[in-house]
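Colleague: Supplied in structure tokens, the structure appears directly below.
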Amino acid sequence: VEISRRTSGFDEPQLQRLTDGEQLQRLQRDLAQLPVPDPVAHYAARLILASHPEQEDAPEDVRRYVSYGASPRGLQALIRGARVRAAVQGGTAVSCEDIHAMAYPALRHRIILNFEGEARQMKVDALIAQILEQVQTPARMAA
């Protein structure tokens, strides 16, 4: 009973201001200006395309188990997330490593399994891993 008394009431949370609107807008502007080199942007776009089952270069499991791949908004989320990661890591531009790191959080809810994928309990993260493995980074393409 004591646990329910302590946890079922409403306690007004004490919040501390961490920033103001002006600083937040400045951060947003700075992030938007962080460069995304063309080869990195093209790599991100190829990842998005490879999430679509109708693409011939999509992994076999994507073609078999996915109904809908990530949309252009998925690409936007991937680039935005990669910009934030690059900035937090102290980078001066977005790298393929930033794209790779943000692929899971940006795409996992944007790739929709078909009936067979659901029935087989496929994990979208496993499909993203296959996409990341199959789509070559610019460095791997040049080698």
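Just remember, in the structure tokens the first chain shown is A, the second B, etc., residues are 1-based per chain, and ligands are 1-based in the order shown.
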Within 8 Å of stretch 111-127 of chain A, counting only C-alpha atoms, which residues qualify if same-chain residues fewer than 3 places away don't, as a list in words?
Modeller: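 Listing them by chain and then by number gives Ser51, Asp61, Val62, Arg64, Tyr65, Val66, Ser67, Tyr68, Gly69, Ala70, Tyr104, Leu107, Arg108, Gln130 and Ile131 of chain A.
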Colleague: Stretch 62-142 of chain A near stretch 30-37 of chain A within 10 Å: what's each residue's closest atom pair and its distance in Å to one decimal, counting only C-alpha atoms, ordered by chain then ascending residue number, as a tab-separated table?
Modeller:
```
residue	atom	partner	partner_atom	distance
A:Ile79	CA	A:Val36	CA	8.0
A:Arg80	CA	A:Ala32	CA	8.0
A:Gly81	CA	A:Leu31	CA	9.9
A:Ala82	CA	A:Val36	CA	9.1
A:Arg83	CA	A:Leu31	CA	6.2
A:Val84	CA	A:Leu31	CA	6.6
A:Arg85	CA	A:Leu31	CA	9.9
A:Ala86	CA	A:Leu34	CA	8.5
A:Ala87	CA	A:Leu31	CA	7.3
A:Gly91	CA	A:Leu34	CA	8.9
A:Thr92	CA	A:Leu34	CA	6.8
A:Ala93	CA	A:Pro35	CA	4.9
A:Val94	CA	A:Val36	CA	5.1
A:Ser95	CA	A:Val36	CA	7.5
A:Cys96	CA	A:Pro37	CA	9.6
```
Colleague: Counting only C-alpha atoms, what is within 10 Å of A:Ala50, bar same-chain residues fewer than 5 positions away, as a list in words?
Modeller: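 That gives Ala44, Ala45, Gln55, Glu56, Asp57, Ala58, Pro59, Val62, Arg63, Gly69, Ala70, Ile128, Gln130, Ile131, Leu132, Gln134 and Val135 of chain A.
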Colleague: Using DSSP on the backbone coordinates, identify all residues within chain A classified as helix (DSSP H, G or I); present the result as a PyMOL selection string.
Modeller: chain A and resi 2-7+21-33+38-49+60-65+72-88+96-107+115-119+124-134+138-142
Colleague: If DSSP is run on the backbone, what residues of chain A are strand (DSSP E)? A reply as number ranges by chain would be ideal.
Modeller: A: 66-68, 112-113
Colleague: For atom CA of A:Leu75 and atom CA of A:Leu24, determine how far apart the two atoms are, in Å to one decimal place.
Modeller: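 Atom CA of A:Leu24 lies at a distance of 23.1 Å from atom CA of A:Leu75.
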Colleague: Taking only C-alpha atoms into account, name the residue in A:Arg110, A:His42, A:Val88, A:Leu49 that is nearest to A:Thr137.
Modeller: A:His42
